[in-house]
Structure formats: C-alpha cells, structure tokens
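Visitor: If it helps, the file is called entry_25.tsv and holds TSV, C-alpha atoms and all ligand atoms:
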chain	number	residue	atom	x	y	z
A	92	MET	CA	8.59	-28.13	-98.91
A	93	MET	CA	6.47	-28.03	-95.77
A	94	ILE	CA	4.03	-25.15	-95.34
A	95	ILE	CA	3.87	-23.76	-91.80
A	96	ASN	CA	0.88	-21.62	-90.81
A	97	PHE	CA	2.07	-19.29	-88.06
A	98	VAL	CA	-0.72	-17.66	-86.06
A	99	THR	CA	0.72	-14.32	-84.98
A	100	SER	CA	0.12	-10.61	-85.27
A	101	ASN	CA	3.86	-10.05	-85.38
A	102	LYS	CA	5.52	-10.02	-88.84
A	103	ASN	CA	8.98	-10.11	-87.28
A	104	LYS	CA	8.26	-13.51	-85.75
A	105	VAL	CA	7.37	-14.83	-89.23
A	106	LEU	CA	10.58	-13.40	-90.67
A	107	GLU	CA	12.63	-14.98	-87.90
A	108	ALA	CA	10.87	-18.34	-88.28
A	109	GLN	CA	11.54	-18.41	-92.05
A	110	ALA	CA	15.19	-17.47	-91.48
A	111	ARG	CA	15.61	-20.19	-88.85
A	112	LEU	CA	13.72	-23.01	-90.59
A	113	GLY	CA	15.26	-22.37	-94.01
A	114	ALA	CA	14.43	-23.58	-97.50
A	115	GLY	CA	12.63	-26.81	-96.57
A	116	PHE	CA	9.82	-24.81	-94.98
A	117	CYS	CA	7.51	-22.06	-96.19
A	118	VAL	CA	6.27	-19.98	-93.25
A	119	ARG	CA	2.93	-18.23	-93.82
A	120	GLN	CA	1.55	-15.67	-91.41
A	121	TRP	CA	-1.99	-16.33	-90.28
A	122	ASP	CA	-3.10	-13.14	-88.60
A	123	VAL	CA	-6.41	-14.22	-87.07
A	124	ASP	CA	-7.95	-12.41	-84.18
A	125	CYS	CA	-6.58	-14.09	-81.09
A	126	PRO	CA	-7.01	-12.40	-77.72
A	127	GLU	CA	-4.05	-13.11	-75.44
A	128	ILE	CA	-5.18	-14.26	-72.01
A	129	GLN	CA	-3.25	-13.10	-68.97
A	130	ALA	CA	-1.75	-16.05	-67.06
A	131	ASP	CA	1.30	-16.84	-64.93
A	132	THR	CA	3.11	-19.05	-67.44
A	133	LEU	CA	3.88	-18.86	-71.15
A	134	GLU	CA	2.63	-22.45	-71.52
A	135	GLU	CA	-0.85	-21.52	-70.25
A	136	VAL	CA	-1.03	-18.45	-72.49
A	137	ALA	CA	0.12	-20.34	-75.60
A	138	LEU	CA	-2.21	-23.31	-75.03
A	139	ALA	CA	-5.19	-21.02	-74.35
A	140	SER	CA	-4.48	-19.11	-77.57
A	141	ALA	CA	-4.26	-22.35	-79.57
A	142	GLN	CA	-7.53	-23.55	-78.04
A	143	HIS	CA	-9.19	-20.26	-78.94
A	144	VAL	CA	-8.07	-20.53	-82.58
A	145	ILE	CA	-9.35	-24.12	-82.79
A	146	GLU	CA	-12.76	-23.26	-81.28
A	147	LYS	CA	-13.28	-20.07	-83.22
A	148	HIS	CA	-11.86	-21.01	-86.63
A	149	ALA	CA	-11.87	-24.85	-86.71
A	150	PRO	CA	-8.77	-24.83	-88.95
A	151	LYS	CA	-8.41	-27.75	-91.34
A	152	GLU	CA	-4.65	-27.34	-91.47
A	153	ALA	CA	-1.93	-27.61	-88.84
A	154	PHE	CA	-0.64	-24.37	-87.34
A	155	ILE	CA	1.95	-23.08	-84.90
A	156	LEU	CA	1.74	-20.20	-82.49
A	157	GLU	CA	4.03	-18.99	-79.79
A	158	ASP	CA	4.11	-16.99	-76.60
A	159	ALA	CA	7.34	-15.38	-75.51
A	160	GLY	CA	8.62	-13.08	-72.81
A	161	LEU	CA	11.61	-11.43	-71.20
A	162	PHE	CA	12.46	-12.50	-67.63
A	163	VAL	CA	14.81	-10.17	-65.73
A	164	ASP	CA	16.60	-11.73	-62.72
A	165	ALA	CA	16.84	-8.54	-60.66
A	166	LEU	CA	13.10	-7.98	-61.18
A	167	LYS	CA	12.31	-11.55	-60.04
A	168	GLY	CA	11.36	-12.63	-63.55
A	169	PHE	CA	9.31	-9.56	-64.45
A	170	PRO	CA	7.89	-8.84	-67.04
A	171	GLY	CA	7.76	-12.56	-68.07
A	172	PRO	CA	4.27	-13.46	-69.32
A	173	TYR	CA	3.30	-9.78	-69.07
A	174	SER	CA	5.95	-8.70	-71.60
A	175	HIS	CA	3.52	-7.56	-74.28
A	176	PHE	CA	1.71	-5.21	-71.92
A	177	VAL	CA	4.96	-3.99	-70.36
A	178	HIS	CA	6.48	-3.34	-73.76
A	179	ASP	CA	3.44	-1.28	-74.74
A	180	THR	CA	3.61	0.70	-71.51
A	181	LEU	CA	7.15	0.92	-70.05
A	182	ASP	CA	8.99	-0.06	-73.25
A	183	CYS	CA	12.80	-0.60	-73.32
A	184	LYS	CA	13.37	2.74	-71.63
A	185	GLY	CA	11.29	1.69	-68.62
A	186	ILE	CA	13.24	-1.55	-68.16
A	187	LEU	CA	16.54	0.38	-68.34
A	188	LYS	CA	15.20	2.77	-65.72
A	189	LEU	CA	14.17	-0.09	-63.40
A	190	LEU	CA	17.71	-1.49	-63.70
A	191	GLU	CA	19.52	1.83	-63.27
A	192	SER	CA	21.32	0.76	-60.11
A	193	ALA	CA	21.97	-2.84	-61.27
A	194	ASN	CA	25.37	-3.90	-62.53
A	195	GLY	CA	27.24	-7.13	-63.33
A	196	LYS	CA	25.08	-10.17	-62.62
A	197	GLY	CA	22.24	-7.85	-61.58
A	198	ARG	CA	21.55	-7.30	-65.29
A	199	ASN	CA	21.14	-11.00	-66.09
A	200	ALA	CA	17.98	-11.89	-67.97
A	201	ARG	CA	16.54	-14.49	-70.29
A	202	PHE	CA	14.06	-14.72	-73.10
A	203	GLU	CA	11.74	-17.70	-73.16
A	204	ALA	CA	9.44	-18.91	-75.92
A	205	VAL	CA	6.83	-21.66	-75.87
A	206	LEU	CA	5.77	-22.83	-79.31
A	207	VAL	CA	2.59	-24.86	-79.76
A	208	TYR	CA	2.14	-27.10	-82.79
A	209	THR	CA	-1.46	-28.09	-83.44
A	210	VAL	CA	-2.59	-30.71	-85.93
A	211	PRO	CA	-6.39	-31.06	-86.36
A	212	GLY	CA	-7.72	-33.84	-84.13
A	213	LYS	CA	-4.44	-34.32	-82.25
A	214	LYS	CA	-3.12	-33.22	-78.89
A	215	PRO	CA	-0.97	-30.07	-79.21
A	216	ALA	CA	2.81	-30.48	-78.97
A	217	LEU	CA	4.88	-27.91	-77.03
A	218	PHE	CA	8.46	-26.80	-77.66
A	219	LYS	CA	10.35	-24.46	-75.37
A	220	GLY	CA	13.40	-22.32	-76.01
A	221	ILE	CA	15.40	-20.34	-73.45
A	222	CYS	CA	18.07	-17.78	-74.29
A	223	ARG	CA	20.15	-16.38	-71.45
A	224	GLY	CA	21.90	-13.04	-71.60
A	225	LYS	CA	21.88	-9.60	-70.04
A	226	ILE	CA	20.21	-6.24	-70.27
A	227	ALA	CA	22.55	-3.70	-71.88
A	228	GLU	CA	23.18	-0.29	-70.34
A	229	SER	CA	21.57	1.48	-73.28
A	230	GLN	CA	19.48	0.85	-76.39
A	231	ALA	CA	21.03	0.23	-79.81
A	232	GLY	CA	20.20	-1.37	-83.15
A	233	LYS	CA	17.29	-1.22	-85.55
A	234	ASN	CA	16.49	-4.87	-86.27
A	235	GLY	CA	13.99	-7.16	-84.60
A	236	PHE	CA	11.27	-5.96	-82.28
A	237	GLY	CA	10.21	-5.62	-78.65
A	238	PHE	CA	13.09	-5.69	-76.20
A	239	ASP	CA	15.73	-6.53	-78.86
A	240	PRO	CA	17.48	-3.11	-78.54
A	241	ILE	CA	18.44	-3.85	-74.91
A	242	PHE	CA	19.15	-7.62	-74.89
A	243	VAL	CA	22.64	-9.09	-75.35
A	244	PRO	CA	22.67	-12.93	-75.54
A	245	ASP	CA	25.46	-14.84	-73.75
A	246	GLY	CA	28.49	-15.32	-76.01
A	247	GLU	CA	27.87	-12.08	-77.92
A	248	SER	CA	28.66	-8.41	-77.44
A	249	ARG	CA	25.89	-7.21	-79.76
A	250	ARG	CA	22.27	-6.74	-78.88
A	251	PHE	CA	19.62	-8.73	-80.77
A	252	ALA	CA	18.57	-5.52	-82.53
A	253	GLU	CA	22.10	-5.27	-83.98
A	254	MET	CA	21.86	-8.72	-85.62
A	255	LYS	CA	20.26	-10.03	-88.79
A	256	PRO	CA	17.32	-12.45	-88.26
A	257	GLU	CA	19.59	-15.42	-89.21
A	258	GLU	CA	22.11	-14.45	-86.52
A	259	LYS	CA	19.49	-13.80	-83.85
A	260	GLY	CA	17.94	-17.20	-84.61
A	261	LYS	CA	21.16	-19.01	-83.68
A	262	TYR	CA	20.86	-17.84	-80.09
A	263	SER	CA	17.28	-16.84	-79.57
A	264	HIS	CA	14.54	-18.49	-77.55
A	265	ARG	CA	12.43	-18.53	-80.74
A	266	GLY	CA	15.27	-20.06	-82.78
A	267	LEU	CA	15.76	-22.82	-80.18
A	268	ALA	CA	12.04	-23.63	-79.95
A	269	LEU	CA	11.78	-23.67	-83.75
A	270	GLY	CA	14.83	-25.94	-83.99
A	271	ALA	CA	13.19	-28.46	-81.63
A	272	PHE	CA	9.95	-28.18	-83.63
A	273	ALA	CA	11.78	-28.76	-86.93
A	274	ASN	CA	13.50	-31.87	-85.54
A	275	TYR	CA	10.13	-33.16	-84.35
A	276	VAL	CA	8.34	-32.76	-87.69
A	277	LYS	CA	11.34	-34.22	-89.54
A	278	SER	CA	11.30	-37.23	-87.19
A	279	LEU	CA	7.61	-37.84	-88.02
A	280	LYS	CA	8.44	-38.13	-91.71
A	281	VAL	CA	11.04	-40.90	-91.48
B	1	LIG	P1	1.77	-12.59	-81.06
B	1	LIG	O1	0.68	-12.07	-81.95
B	1	LIG	O2	2.53	-13.72	-81.69
B	1	LIG	O3	1.33	-12.88	-79.64
B	1	LIG	P2	3.41	-10.55	-79.72
B	1	LIG	O4	4.32	-9.50	-80.28
B	1	LIG	O5	2.29	-10.14	-78.84
B	1	LIG	O6	2.86	-11.38	-81.00
B	1	LIG	P3	4.33	-12.31	-77.56
B	1	LIG	O7	3.03	-12.11	-76.86
B	1	LIG	O8	4.81	-13.70	-77.76
B	1	LIG	O9	4.32	-11.61	-78.99
B	1	LIG	O10	5.50	-11.55	-76.83
B	1	LIG	C1	5.30	-10.66	-75.78
B	1	LIG	C2	6.30	-9.54	-75.83
B	1	LIG	O11	7.59	-10.03	-75.45
B	1	LIG	C3	6.48	-8.86	-77.16
B	1	LIG	O12	5.54	-7.81	-77.33
B	1	LIG	C4	7.90	-8.32	-77.06
B	1	LIG	O13	7.88	-7.08	-76.42
B	1	LIG	C5	8.57	-9.35	-76.16
B	1	LIG	N1	9.32	-10.31	-76.99
B	1	LIG	C6	8.98	-11.59	-77.29
B	1	LIG	N2	9.88	-12.15	-78.09
B	1	LIG	C7	10.83	-11.21	-78.31
B	1	LIG	C8	12.00	-11.17	-79.06
B	1	LIG	O14	12.41	-12.19	-79.79
B	1	LIG	N3	12.71	-10.05	-79.05
B	1	LIG	C9	12.33	-8.98	-78.34
B	1	LIG	N4	11.22	-8.91	-77.61
B	1	LIG	C10	10.46	-10.03	-77.60
Let me see whether you can do it: turn the structure in this file into structure tokens.
Ligand code: ITT
Guide:
Amino acid sequence: MMIINFVTSNKNKVLEAQARLGAGFCVRQWDVDCPEIQADTLEEVALASAQHVIEKHAPKEAFILEDAGLFVDALKGFPGPYSHFVHDTLDCKGILKLLESANGKGRNARFEAVLVYTVPGKKPALFKGICRGKIAESQAGKNGFGFDPIFVPDGESRRFAEMKPEEKGKYSHRGLALGAFANYVKSLKV
C-alpha cells in the first residue's frame, strides 16, 4: 500500500483521489497553509504552491498537490486559473447568468487539472488531465463541489454533482491526472 500525502484544503479532492486510485493507495489529506498565487496557467500556480510547501515546511515525505479550473469556451476560457475566486464570488449561478444567451456549442467547456508530484530532493513531476463537456442550463445534484452542479461531461447526460466520486473519476480532469500519476509511480516500482 502506497501512502499519498495530498496537500489540499479541499476534502472532496481527497475523497475523489481515494476513489480513483483505489485499494493500492492510501490518500491522506495534508491541510497545510498554502497561499494560492494568481497566475495565467494552472502549471504556474501548482508549481508555485509546491515550491511554497517545500520552502516553508521542508517535508521529508513525497506529496502531491493540484490546481484545477473550469474553462468556458464562450467566455474565452474564463474563469480558468481564477476559478477559485470566481466560485467564491459569482458561483454557479453567475456562470449560468453569463451564458444565458448561449446555446448548443456555445455552452462547451472543459475542466483542467495539473497535478504536481514532489519527492524530496527531486525535480517535481507534472500530470495534466482535461475533461471536455458543457455547461448545463440549470443546477442539479448534491455531490462533489465547486462547479459540479452545472457541468455535464461528454458522453454523459448527468452533471458531475449527480454522480458518485467513483463515476466522476472515470471522466474527470482530476481522475485523468491521477490515472497518469498512478501509472508513473507504478512504472518506477518495476
Ligand atoms: P486546493 O486547496 O486544493 O487549492 P481548491 O478548492 O481551492 O482546493 P483549486 O484551486 O484547484 O481547488 O480549484 C479552483 C476552483 O475550481 C475550485 O474552487 C472549484 O470551484 C473549481 N473546481 C476545480 N476542480 C473542480 C471539480 O472537480 N469540480 C467542480 N469544480 C472544480
């Protein structure tokens, strides 16, 4: 069993990671103070956060952390790396309002996640996951977090918030990044 320290303030991310990685991994939340810088790409934000954790806490164990965001086509990729702030301010309702006159392809969007894996003394490794889909016309569902009540992944008719963590992980940006990470750590062991 491999222990994974996940630096995040978000319990849902830990739940999703455990559901996606399964029994061979034990995901532990490490909720250390980690200010999120504002930058134009998820990669920059995630790497800066990892660097902050290393400098401030000098961890002796490996850890992962992740930065994610929702990119709406009709809004030219907004809110993207600003998703946390926009969720706190506009919330799902605000995104629906911005898309009021959009239909068909105009509601296309994607979630992206960049996961950083840091082993003490080594260069960080990055894994990216992209999940395409669309913004629903209304909110529904109680599961998940953030923009899950308004996002329908391609190939599904349900929103993320209407799925169990295991189901969401099959499609999600986080699930895809975690899958690539799991393959990487497994490949190091053989
Ligand atoms: P961290 O402590 O891990 O940073 P966070 O909730 O701030 O937790 P992010 O900065 O990675 O997470 O994500 C920014 C926002 O993007 C987040 O607040 C959500 O509103 C949204 N988001 C990211 N992943 C999501 C997902 O899987 N489902 C719904 N919304 C998501």
Visitor: As an MDAnalysis selection string, please: the residues near Lys196 of chain A (cut-off 12 Å, all atoms listed in the file, same-chain neighbours under 4 positions excluded).
Guide: chainID A and resid 163:165 190 192 200 223:227
Visitor: List all protein, DNA and RNA residues that have at least one atom no more than 8 Å from any atom of ligand LIG 1 (chain B), counting all atoms listed in the file, and write them as a count of residues only.
Guide: 38
Visitor: Of the candidates A:Pro126, A:Ile155, A:Ala110, A:Gln142, which one gets nearest to Phe97 of chain A if we count only C-alpha atoms?
Guide: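 So, comparing all the options, the nearest one is A:Ile155.
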Visitor: So how far away is atom CA of Gly270 of chain A from atom CA of Cys222 of chain A, in Å?
Guide: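 That distance, rounded to one decimal, is 13.1 Å.
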Visitor: One number please: atom CA of Gly220 of chain A to atom CA of Glu152 of chain A, in Å, one decimal.
Guide: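 If I compute the distance from atom CA of Gly220 of chain A to atom CA of Glu152 of chain A, I get 24.3 Å.
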Visitor: Rounded to one decimal, what separation in Å do you get between atom CA of Gly185 of chain A and atom CA of Glu258 of chain A?
Guide: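 Result for atom CA of Gly185 of chain A versus atom CA of Glu258 of chain A: 26.4 Å, one decimal.
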Visitor: Using only C-alpha atoms, can you tell me which of A:Gly113, A:Pro211, A:Gly232, A:Gly195 comes closest to Arg249 of chain A?
Guide: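 Comparing A:Gly113, A:Pro211, A:Gly232, A:Gly195 against Arg249 of chain A, the winner is A:Gly232.
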Visitor: Taking into account only C-alpha atoms, which residue in the set A:Phe154, A:Phe218, A:Phe169, A:Phe272 is nearest to Asp131 of chain A?
Guide: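 The closest residue to Asp131 of chain A is A:Phe169.
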Visitor: From the list A:Ile241, A:Ile145, A:Lys213, A:Gly260, which residue is nearest Lys184 of chain A when using all atoms listed in the file?
Guide: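 When distances to Lys184 of chain A are compared using all atoms listed in the file, the smallest one comes from A:Ile241.
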Visitor: Kindly indicate which residue among A:Cys117, A:Ile95, A:Val123, A:Val210 lies nearest to Val144 of chain A, using all atoms listed in the file for the distances.
Guide: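 Comparing A:Cys117, A:Ile95, A:Val123, A:Val210 against Val144 of chain A, the winner is A:Val123.
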Visitor: Of the candidates A:Lys233, A:Val243, A:Trp121, A:Ala114, which shows the shortest atom-to-atom distance to Lys102 of chain A, using all atoms listed in the file?
Guide: A:Trp121
